[in-house]
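S.K.: File name work_10.tsv; file contents TSV, N, CA and C atoms; full text below.
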```tsv
chain	number	residue	atom	x	y	z
A	1	GLN	N	-7.60	4.92	-38.01
A	1	GLN	CA	-6.51	4.58	-37.09
A	1	GLN	C	-5.96	5.85	-36.47
A	2	VAL	N	-5.46	5.72	-35.25
A	2	VAL	CA	-4.89	6.86	-34.52
A	2	VAL	C	-3.53	6.46	-33.98
A	3	GLN	N	-2.55	7.29	-34.27
A	3	GLN	CA	-1.23	7.10	-33.66
A	3	GLN	C	-1.01	8.18	-32.62
A	4	LEU	N	-0.47	7.76	-31.48
A	4	LEU	CA	-0.28	8.66	-30.35
A	4	LEU	C	1.18	8.65	-29.93
A	5	GLN	N	1.71	9.82	-29.62
A	5	GLN	CA	3.10	9.92	-29.21
A	5	GLN	C	3.19	10.78	-27.96
A	6	GLU	N	3.61	10.16	-26.88
A	6	GLU	CA	3.79	10.89	-25.62
A	6	GLU	C	5.18	11.48	-25.52
A	7	SER	N	5.30	12.55	-24.75
A	7	SER	CA	6.60	13.15	-24.47
A	7	SER	C	6.49	13.94	-23.17
A	8	GLY	N	7.63	14.37	-22.66
A	8	GLY	CA	7.65	15.22	-21.49
A	8	GLY	C	8.04	14.53	-20.20
A	9	GLY	N	8.23	13.22	-20.25
A	9	GLY	CA	8.64	12.51	-19.06
A	9	GLY	C	10.10	12.80	-18.72
A	10	GLY	N	10.51	12.28	-17.57
A	10	GLY	CA	11.90	12.45	-17.16
A	10	GLY	C	12.06	12.24	-15.68
A	11	LEU	N	13.21	12.65	-15.18
A	11	LEU	CA	13.53	12.54	-13.76
A	11	LEU	C	13.24	13.87	-13.08
A	12	VAL	N	12.50	13.83	-12.00
A	12	VAL	CA	12.14	15.05	-11.28
A	12	VAL	C	12.22	14.76	-9.78
A	13	GLN	N	12.58	15.78	-9.03
A	13	GLN	CA	12.65	15.61	-7.58
A	13	GLN	C	11.26	15.65	-6.96
A	14	PRO	N	11.08	15.02	-5.81
A	14	PRO	CA	9.80	15.12	-5.11
A	14	PRO	C	9.40	16.58	-4.91
A	15	GLY	N	8.12	16.85	-5.15
A	15	GLY	CA	7.62	18.21	-5.06
A	15	GLY	C	7.67	18.97	-6.36
A	16	GLY	N	8.34	18.41	-7.35
A	16	GLY	CA	8.47	19.08	-8.64
A	16	GLY	C	7.25	18.88	-9.52
A	17	SER	N	7.35	19.45	-10.71
A	17	SER	CA	6.25	19.39	-11.68
A	17	SER	C	6.75	18.92	-13.04
A	18	LEU	N	5.84	18.33	-13.77
A	18	LEU	CA	6.10	17.95	-15.16
A	18	LEU	C	4.81	18.16	-15.94
A	19	ARG	N	4.96	18.45	-17.22
A	19	ARG	CA	3.81	18.48	-18.11
A	19	ARG	C	4.06	17.49	-19.24
A	20	LEU	N	3.21	16.49	-19.29
A	20	LEU	CA	3.29	15.50	-20.36
A	20	LEU	C	2.44	15.95	-21.53
A	21	SER	N	2.90	15.59	-22.73
A	21	SER	CA	2.16	15.90	-23.95
A	21	SER	C	1.89	14.62	-24.71
A	22	CYS	N	0.79	14.62	-25.41
A	22	CYS	CA	0.42	13.49	-26.27
A	22	CYS	C	-0.10	14.06	-27.59
A	23	ILE	N	0.66	13.81	-28.65
A	23	ILE	CA	0.25	14.29	-29.97
A	23	ILE	C	-0.46	13.18	-30.72
A	24	SER	N	-1.60	13.54	-31.29
A	24	SER	CA	-2.41	12.58	-32.04
A	24	SER	C	-2.20	12.78	-33.54
A	25	SER	N	-2.19	11.65	-34.26
A	25	SER	CA	-2.06	11.73	-35.72
A	25	SER	C	-3.37	12.13	-36.37
A	26	ARG	N	-4.44	12.04	-35.62
A	26	ARG	CA	-5.77	12.38	-36.13
A	26	ARG	C	-6.27	13.64	-35.42
A	27	ASN	N	-7.06	14.40	-36.15
A	27	ASN	CA	-7.62	15.61	-35.60
A	27	ASN	C	-8.36	15.32	-34.29
A	28	LEU	N	-7.94	15.99	-33.23
A	28	LEU	CA	-8.53	15.73	-31.92
A	28	LEU	C	-10.03	15.98	-31.89
A	29	ALA	N	-10.50	16.90	-32.69
A	29	ALA	CA	-11.93	17.21	-32.70
A	29	ALA	C	-12.76	16.00	-33.12
A	30	ALA	N	-12.14	15.05	-33.80
A	30	ALA	CA	-12.86	13.86	-34.26
A	30	ALA	C	-12.81	12.73	-33.25
A	31	ILE	N	-12.05	12.89	-32.18
A	31	ILE	CA	-11.86	11.83	-31.19
A	31	ILE	C	-12.75	12.12	-29.99
A	32	HIS	N	-13.54	11.12	-29.64
A	32	HIS	CA	-14.52	11.31	-28.57
A	32	HIS	C	-13.86	11.61	-27.23
A	33	ALA	N	-12.85	10.83	-26.89
A	33	ALA	CA	-12.24	10.99	-25.58
A	33	ALA	C	-10.77	10.64	-25.62
A	34	MET	N	-10.00	11.34	-24.82
A	34	MET	CA	-8.58	11.06	-24.66
A	34	MET	C	-8.31	10.80	-23.18
A	35	ASP	N	-7.49	9.80	-22.92
A	35	ASP	CA	-7.19	9.42	-21.54
A	35	ASP	C	-5.68	9.42	-21.29
A	36	TRP	N	-5.35	9.56	-20.02
A	36	TRP	CA	-4.00	9.27	-19.54
A	36	TRP	C	-4.09	8.09	-18.58
A	37	TYR	N	-3.13	7.18	-18.71
A	37	TYR	CA	-2.98	6.03	-17.83
A	37	TYR	C	-1.55	6.02	-17.32
A	38	ARG	N	-1.31	5.21	-16.30
A	38	ARG	CA	0.06	4.99	-15.86
A	38	ARG	C	0.21	3.57	-15.34
A	39	GLN	N	1.44	3.09	-15.42
A	39	GLN	CA	1.74	1.77	-14.90
A	39	GLN	C	3.05	1.83	-14.16
A	40	ALA	N	2.97	1.62	-12.86
A	40	ALA	CA	4.16	1.60	-12.02
A	40	ALA	C	4.76	0.20	-12.06
A	41	PRO	N	6.05	0.08	-11.76
A	41	PRO	CA	6.70	-1.23	-11.78
A	41	PRO	C	5.98	-2.23	-10.88
A	42	GLY	N	5.65	-3.38	-11.44
A	42	GLY	CA	5.01	-4.43	-10.69
A	42	GLY	C	3.55	-4.21	-10.38
A	43	LYS	N	2.95	-3.16	-10.96
A	43	LYS	CA	1.55	-2.85	-10.69
A	43	LYS	C	0.73	-2.86	-11.98
A	44	GLU	N	-0.58	-2.90	-11.81
A	44	GLU	CA	-1.47	-2.90	-12.96
A	44	GLU	C	-1.61	-1.50	-13.53
A	45	LEU	N	-2.10	-1.47	-14.76
A	45	LEU	CA	-2.36	-0.20	-15.40
A	45	LEU	C	-3.44	0.56	-14.62
A	46	GLU	N	-3.18	1.85	-14.41
A	46	GLU	CA	-4.08	2.68	-13.62
A	46	GLU	C	-4.58	3.85	-14.47
A	47	TRP	N	-5.88	4.07	-14.47
A	47	TRP	CA	-6.44	5.22	-15.18
A	47	TRP	C	-6.14	6.50	-14.39
A	48	VAL	N	-5.74	7.55	-15.10
A	48	VAL	CA	-5.36	8.80	-14.45
A	48	VAL	C	-6.38	9.91	-14.73
A	49	ALA	N	-6.71	10.12	-16.00
A	49	ALA	CA	-7.58	11.25	-16.33
A	49	ALA	C	-8.17	11.05	-17.72
A	50	ARG	N	-9.27	11.76	-17.97
A	50	ARG	CA	-9.95	11.73	-19.27
A	50	ARG	C	-10.44	13.14	-19.61
A	51	ILE	N	-10.39	13.42	-20.92
A	51	ILE	CA	-11.02	14.65	-21.41
A	51	ILE	C	-11.78	14.32	-22.67
A	52	ASN	N	-13.00	14.82	-22.79
A	52	ASN	CA	-13.81	14.45	-23.95
A	52	ASN	C	-13.80	15.55	-25.01
A	53	ALA	N	-14.55	15.30	-26.07
A	53	ALA	CA	-14.54	16.22	-27.20
A	53	ALA	C	-15.14	17.58	-26.85
A	54	TRP	N	-15.90	17.65	-25.77
A	54	TRP	CA	-16.50	18.91	-25.32
A	54	TRP	C	-15.63	19.58	-24.25
A	55	ASN	N	-14.40	19.09	-24.12
A	55	ASN	CA	-13.42	19.68	-23.22
A	55	ASN	C	-13.79	19.51	-21.75
A	56	ASN	N	-14.57	18.49	-21.45
A	56	ASN	CA	-14.88	18.18	-20.06
A	56	ASN	C	-13.84	17.19	-19.55
A	57	GLY	N	-13.13	17.57	-18.52
A	57	GLY	CA	-12.07	16.72	-17.99
A	57	GLY	C	-12.45	16.09	-16.68
A	58	ASN	N	-11.85	14.96	-16.41
A	58	ASN	CA	-12.09	14.24	-15.16
A	58	ASN	C	-10.79	13.55	-14.76
A	59	THR	N	-10.41	13.69	-13.51
A	59	THR	CA	-9.18	13.11	-13.00
A	59	THR	C	-9.49	12.16	-11.86
A	60	ALA	N	-8.72	11.10	-11.74
A	60	ALA	CA	-8.91	10.14	-10.65
A	60	ALA	C	-8.94	10.89	-9.31
A	61	ASP	N	-9.84	10.47	-8.44
A	61	ASP	CA	-10.05	11.18	-7.17
A	61	ASP	C	-8.75	11.34	-6.38
A	62	SER	N	-7.93	10.31	-6.41
A	62	SER	CA	-6.70	10.34	-5.61
A	62	SER	C	-5.66	11.29	-6.18
A	63	LEU	N	-5.87	11.78	-7.40
A	63	LEU	CA	-4.87	12.61	-8.07
A	63	LEU	C	-5.38	14.02	-8.40
A	64	LYS	N	-6.66	14.27	-8.27
A	64	LYS	CA	-7.22	15.51	-8.80
A	64	LYS	C	-6.69	16.77	-8.13
A	65	ASP	N	-6.13	16.62	-6.95
A	65	ASP	CA	-5.55	17.80	-6.30
A	65	ASP	C	-4.21	18.19	-6.89
A	66	ARG	N	-3.60	17.28	-7.66
A	66	ARG	CA	-2.25	17.53	-8.16
A	66	ARG	C	-2.13	17.44	-9.68
A	67	PHE	N	-3.02	16.68	-10.31
A	67	PHE	CA	-2.94	16.45	-11.76
A	67	PHE	C	-4.11	17.11	-12.46
A	68	ALA	N	-3.87	17.57	-13.68
A	68	ALA	CA	-4.94	18.16	-14.48
A	68	ALA	C	-4.72	17.84	-15.95
A	69	ILE	N	-5.80	17.50	-16.63
A	69	ILE	CA	-5.76	17.17	-18.05
A	69	ILE	C	-6.32	18.34	-18.85
A	70	SER	N	-5.76	18.57	-20.02
A	70	SER	CA	-6.27	19.60	-20.91
A	70	SER	C	-5.97	19.18	-22.35
A	71	ARG	N	-6.59	19.89	-23.30
A	71	ARG	CA	-6.36	19.56	-24.70
A	71	ARG	C	-6.30	20.83	-25.53
A	72	ASP	N	-5.55	20.75	-26.61
A	72	ASP	CA	-5.44	21.83	-27.58
A	72	ASP	C	-5.77	21.22	-28.93
A	73	ASN	N	-7.01	21.41	-29.35
A	73	ASN	CA	-7.43	20.78	-30.61
A	73	ASN	C	-6.62	21.30	-31.80
A	74	ALA	N	-6.26	22.55	-31.77
A	74	ALA	CA	-5.51	23.11	-32.90
A	74	ALA	C	-4.14	22.44	-33.05
A	75	ALA	N	-3.58	21.99	-31.93
A	75	ALA	CA	-2.28	21.33	-31.95
A	75	ALA	C	-2.40	19.81	-31.91
A	76	ASN	N	-3.64	19.31	-31.90
A	76	ASN	CA	-3.88	17.86	-31.79
A	76	ASN	C	-3.14	17.26	-30.61
A	77	THR	N	-3.13	17.96	-29.51
A	77	THR	CA	-2.33	17.57	-28.36
A	77	THR	C	-3.15	17.58	-27.08
A	78	VAL	N	-2.92	16.57	-26.28
A	78	VAL	CA	-3.50	16.50	-24.94
A	78	VAL	C	-2.36	16.58	-23.94
A	79	TYR	N	-2.62	17.26	-22.84
A	79	TYR	CA	-1.59	17.47	-21.83
A	79	TYR	C	-2.01	16.87	-20.50
A	80	LEU	N	-1.01	16.54	-19.72
A	80	LEU	CA	-1.24	16.16	-18.33
A	80	LEU	C	-0.26	16.98	-17.48
A	81	GLN	N	-0.81	17.94	-16.75
A	81	GLN	CA	0.00	18.74	-15.84
A	81	GLN	C	0.06	18.03	-14.50
A	82	MET	N	1.27	17.77	-14.04
A	82	MET	CA	1.46	17.04	-12.78
A	82	MET	C	2.28	17.91	-11.83
A	83	ASN	N	1.70	18.21	-10.70
A	83	ASN	CA	2.35	19.05	-9.70
A	83	ASN	C	2.56	18.28	-8.41
A	84	SER	N	3.43	18.81	-7.57
A	84	SER	CA	3.70	18.20	-6.26
A	84	SER	C	3.96	16.71	-6.39
A	85	LEU	N	4.82	16.35	-7.29
A	85	LEU	CA	5.06	14.94	-7.59
A	85	LEU	C	5.68	14.22	-6.41
A	86	LYS	N	5.30	12.94	-6.30
A	86	LYS	CA	5.75	12.08	-5.22
A	86	LYS	C	6.45	10.86	-5.80
A	87	PRO	N	7.31	10.22	-5.02
A	87	PRO	CA	7.97	9.01	-5.53
A	87	PRO	C	6.98	7.96	-6.03
A	88	GLU	N	5.81	7.88	-5.41
A	88	GLU	CA	4.83	6.89	-5.85
A	88	GLU	C	4.17	7.23	-7.18
A	89	ASP	N	4.47	8.41	-7.72
A	89	ASP	CA	4.00	8.76	-9.06
A	89	ASP	C	4.92	8.20	-10.14
A	90	THR	N	6.02	7.60	-9.73
A	90	THR	CA	6.93	7.00	-10.70
A	90	THR	C	6.22	5.91	-11.48
A	91	ALA	N	6.24	6.02	-12.80
A	91	ALA	CA	5.51	5.09	-13.66
A	91	ALA	C	5.79	5.44	-15.11
A	92	VAL	N	5.36	4.53	-15.98
A	92	VAL	CA	5.27	4.87	-17.40
A	92	VAL	C	3.87	5.42	-17.63
A	93	TYR	N	3.81	6.58	-18.25
A	93	TYR	CA	2.54	7.24	-18.50
A	93	TYR	C	2.17	7.09	-19.98
A	94	TYR	N	0.95	6.67	-20.20
A	94	TYR	CA	0.45	6.43	-21.55
A	94	TYR	C	-0.76	7.31	-21.83
A	95	CYS	N	-0.89	7.75	-23.07
A	95	CYS	CA	-2.16	8.36	-23.44
A	95	CYS	C	-2.92	7.38	-24.32
A	96	GLY	N	-4.24	7.52	-24.28
A	96	GLY	CA	-5.11	6.64	-25.03
A	96	GLY	C	-6.21	7.43	-25.70
A	97	ALA	N	-6.72	6.87	-26.79
A	97	ALA	CA	-7.79	7.52	-27.54
A	97	ALA	C	-8.86	6.50	-27.89
A	98	SER	N	-10.10	6.94	-27.83
A	98	SER	CA	-11.22	6.14	-28.29
A	98	SER	C	-11.74	6.75	-29.58
A	99	TYR	N	-11.67	6.01	-30.66
A	99	TYR	CA	-12.05	6.54	-31.96
A	99	TYR	C	-12.82	5.49	-32.74
A	100	LEU	N	-14.04	5.78	-33.07
A	100	LEU	CA	-14.91	4.89	-33.85
A	100	LEU	C	-14.93	3.49	-33.26
A	101	GLY	N	-15.04	3.43	-31.93
A	101	GLY	CA	-15.21	2.15	-31.27
A	101	GLY	C	-13.93	1.38	-31.00
A	102	THR	N	-12.80	1.95	-31.37
A	102	THR	CA	-11.52	1.28	-31.16
A	102	THR	C	-10.67	2.11	-30.20
A	103	ASP	N	-9.98	1.41	-29.30
A	103	ASP	CA	-9.10	2.07	-28.35
A	103	ASP	C	-7.66	2.00	-28.83
A	104	TYR	N	-6.97	3.12	-28.71
A	104	TYR	CA	-5.57	3.21	-29.10
A	104	TYR	C	-4.75	3.69	-27.92
A	105	ARG	N	-3.47	3.33	-27.91
A	105	ARG	CA	-2.58	3.76	-26.84
A	105	ARG	C	-1.20	4.02	-27.40
A	106	GLY	N	-0.53	5.03	-26.85
A	106	GLY	CA	0.84	5.31	-27.26
A	106	GLY	C	1.83	4.39	-26.59
A	107	GLN	N	3.11	4.62	-26.85
A	107	GLN	CA	4.15	3.75	-26.30
A	107	GLN	C	4.60	4.18	-24.91
A	108	GLY	N	4.18	5.34	-24.46
A	108	GLY	CA	4.44	5.74	-23.10
A	108	GLY	C	5.67	6.61	-22.92
A	109	THR	N	5.68	7.33	-21.80
A	109	THR	CA	6.83	8.14	-21.43
A	109	THR	C	7.11	7.89	-19.94
A	110	GLN	N	8.38	7.69	-19.62
A	110	GLN	CA	8.76	7.35	-18.26
A	110	GLN	C	8.84	8.59	-17.38
A	111	VAL	N	8.20	8.52	-16.24
A	111	VAL	CA	8.31	9.57	-15.22
A	111	VAL	C	8.92	8.94	-13.98
A	112	THR	N	10.02	9.51	-13.53
A	112	THR	CA	10.69	9.02	-12.32
A	112	THR	C	10.80	10.17	-11.33
A	113	VAL	N	10.25	9.94	-10.15
A	113	VAL	CA	10.29	10.96	-9.10
A	113	VAL	C	11.23	10.46	-8.01
A	114	SER	N	12.36	11.13	-7.90
A	114	SER	CA	13.39	10.66	-6.97
A	114	SER	C	14.33	11.79	-6.63
A	115	SER	N	14.84	11.75	-5.43
A	115	SER	CA	15.84	12.74	-5.03
A	115	SER	C	17.24	12.19	-5.27
```
Render the structure in this file as structure tokens.

M.R.:
Amino acid sequence: QVQLQESGGGLVQPGGSLRLSCISSRNLAAIHAMDWYRQAPGKELEWVARINAWNNGNTADSLKDRFAISRDNAANTVYLQMNSLKPEDTAVYYCGASYLGTDYRGQGTQVTVSS
């Protein structure tokens, strides 16, 4: 089993930056892939980025110019760096893990982009 805890969300002005963190209860080196998702009000869950055990990251095409995923295995933490934030980035951001064929997700952290 894997427990995930996101943090780093908050209120930020348009054009600002945030770095989200996701701490895993299990050693990250044992987890095949970690993902970030988001869900805006009234919209479906949207995949944002993935990083695998070999530290290969991939970000959704529409976001790759502004968002970047990284991981620190020693800290069992995955990060999502978000720059040049826009109001449409407002959402609850979740991290997810795939471990031994089972998918896990944290409870999310709210990001609000507003002036």

S.K.: Find the distance between atom N of Arg66 of chain A and atom CA of Ala49 of chain A and write it in Å to one decimal.

M.R.: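 Atom-to-atom, atom N of Arg66 of chain A and atom CA of Ala49 of chain A are spaced 11.3 Å apart.
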
S.K.: So which one's closest to Met82 of chain A, A:Ser24, A:Ser115, A:Ser17, A:Asn56? Using all atoms listed in the file, please.

M.R.: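 Residue with the minimum atom-to-atom distance to Met82 of chain A: A:Ser17.
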
S.K.: Counting only N, CA and C atoms, what is within 8 Å of Ser84 of chain A, bar same-chain residues fewer than 2 positions away, as a ChimeraX atom specification?

M.R.: /A:13-18,65-67,81-82,86-87

S.K.: Please determine, counting only N, CA and C atoms, which residue among A:Ile31, A:Ala74, A:Ile69, A:Leu4 has the shortest atom-to-atom distance to Val48 of chain A.

M.R.: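 Closest to Val48 of chain A of all the choices is A:Ile69.
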
S.K.: Nearest to Arg50 of chain A among A:Met34, A:Arg19, A:Leu63, A:Leu100, with distances taken over only N, CA and C atoms: which residue is it?

M.R.: A:Met34

S.K.: Quick check, in Å to one decimal: how far apart do atom CA of Thr102 of chain A and atom C of Asn27 of chain A lie?

M.R.: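 About the pair atom CA of Thr102 of chain A and atom C of Asn27 of chain A: they are 14.7 Å apart.
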
S.K.: Could you check the closest approach to Arg26 of chain A for each of A:Glu44, A:Gln39, A:Val2, A:Thr59 and tell me which residue wins, using all atoms listed in the file?

M.R.: A:Val2

S.K.: How many Å lie between atom CA of Cys22 of chain A and atom CA of Asp89 of chain A, rounded to one decimal?

M.R.: 18.2 Å

S.K.: Just the residues within 10 Å of Ala53 of chain A, please, counting only C-alpha atoms, with nothing from its chain fewer than 2 positions along; format it as an NGL selection string.

M.R.: :A and (28-34 or 51 or 55-57 or 71 or 73)

S.K.: For Ala40 of chain A, which residue out of A:Ser25, A:Gln107, A:Ser98, A:Thr90 is the nearest one, using only C-alpha atoms?

M.R.: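 The answer is A:Thr90, which sits nearest to Ala40 of chain A.
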
S.K.: Find the smallest box with edges along x, y and z containing every listed atom of segment 62-77 of chain A, then add 5 Å on each side and report centre and edge lengths in Å to one decimal, as AutoDock Vina command-line options.

M.R.:
```
--center_x -5.0 --center_y 16.7 --center_z -19.3 --size_x 15.8 --size_y 22.8 --size_z 37.4
```

S.K.: Using the block above, I'd like segment 59-72 of chain A written out, keeping N, CA and C atoms and formatting it as a short mmCIF file (atom, residue, chain, number, x, y, z; two decimals), in the first residue's frame.

M.R.:
```cif
data_model
loop_
_atom_site.label_atom_id
_atom_site.label_comp_id
_atom_site.auth_asym_id
_atom_site.auth_seq_id
_atom_site.Cartn_x
_atom_site.Cartn_y
_atom_site.Cartn_z
N THR A 59 5.28 15.69 -19.50
CA THR A 59 4.25 16.64 -19.12
C THR A 59 3.26 16.80 -20.25
N ALA A 60 2.00 17.00 -19.93
CA ALA A 60 0.97 17.22 -20.94
C ALA A 60 1.42 18.33 -21.90
N ASP A 61 1.16 18.12 -23.18
CA ASP A 61 1.65 19.04 -24.21
C ASP A 61 1.22 20.48 -23.94
N SER A 62 0.01 20.64 -23.46
CA SER A 62 -0.52 21.99 -23.25
C SER A 62 0.13 22.69 -22.06
N LEU A 63 0.88 21.95 -21.24
CA LEU A 63 1.45 22.51 -20.02
C LEU A 63 2.98 22.47 -19.99
N LYS A 64 3.61 21.78 -20.91
CA LYS A 64 5.04 21.52 -20.79
C LYS A 64 5.91 22.77 -20.84
N ASP A 65 5.37 23.84 -21.37
CA ASP A 65 6.15 25.08 -21.38
C ASP A 65 6.18 25.76 -20.02
N ARG A 66 5.28 25.35 -19.12
CA ARG A 66 5.16 26.04 -17.83
C ARG A 66 5.33 25.13 -16.63
N PHE A 67 5.04 23.84 -16.81
CA PHE A 67 5.06 22.89 -15.68
C PHE A 67 6.19 21.89 -15.87
N ALA A 68 6.77 21.45 -14.77
CA ALA A 68 7.82 20.43 -14.82
C ALA A 68 7.73 19.53 -13.60
N ILE A 69 7.89 18.24 -13.83
CA ILE A 69 7.84 17.25 -12.76
C ILE A 69 9.26 16.79 -12.44
N SER A 70 9.50 16.51 -11.17
CA SER A 70 10.80 15.98 -10.76
C SER A 70 10.58 15.11 -9.52
N ARG A 71 11.61 14.35 -9.16
CA ARG A 71 11.50 13.49 -7.99
C ARG A 71 12.81 13.48 -7.23
N ASP A 72 12.69 13.27 -5.93
CA ASP A 72 13.84 13.13 -5.04
C ASP A 72 13.64 11.82 -4.29
#
```
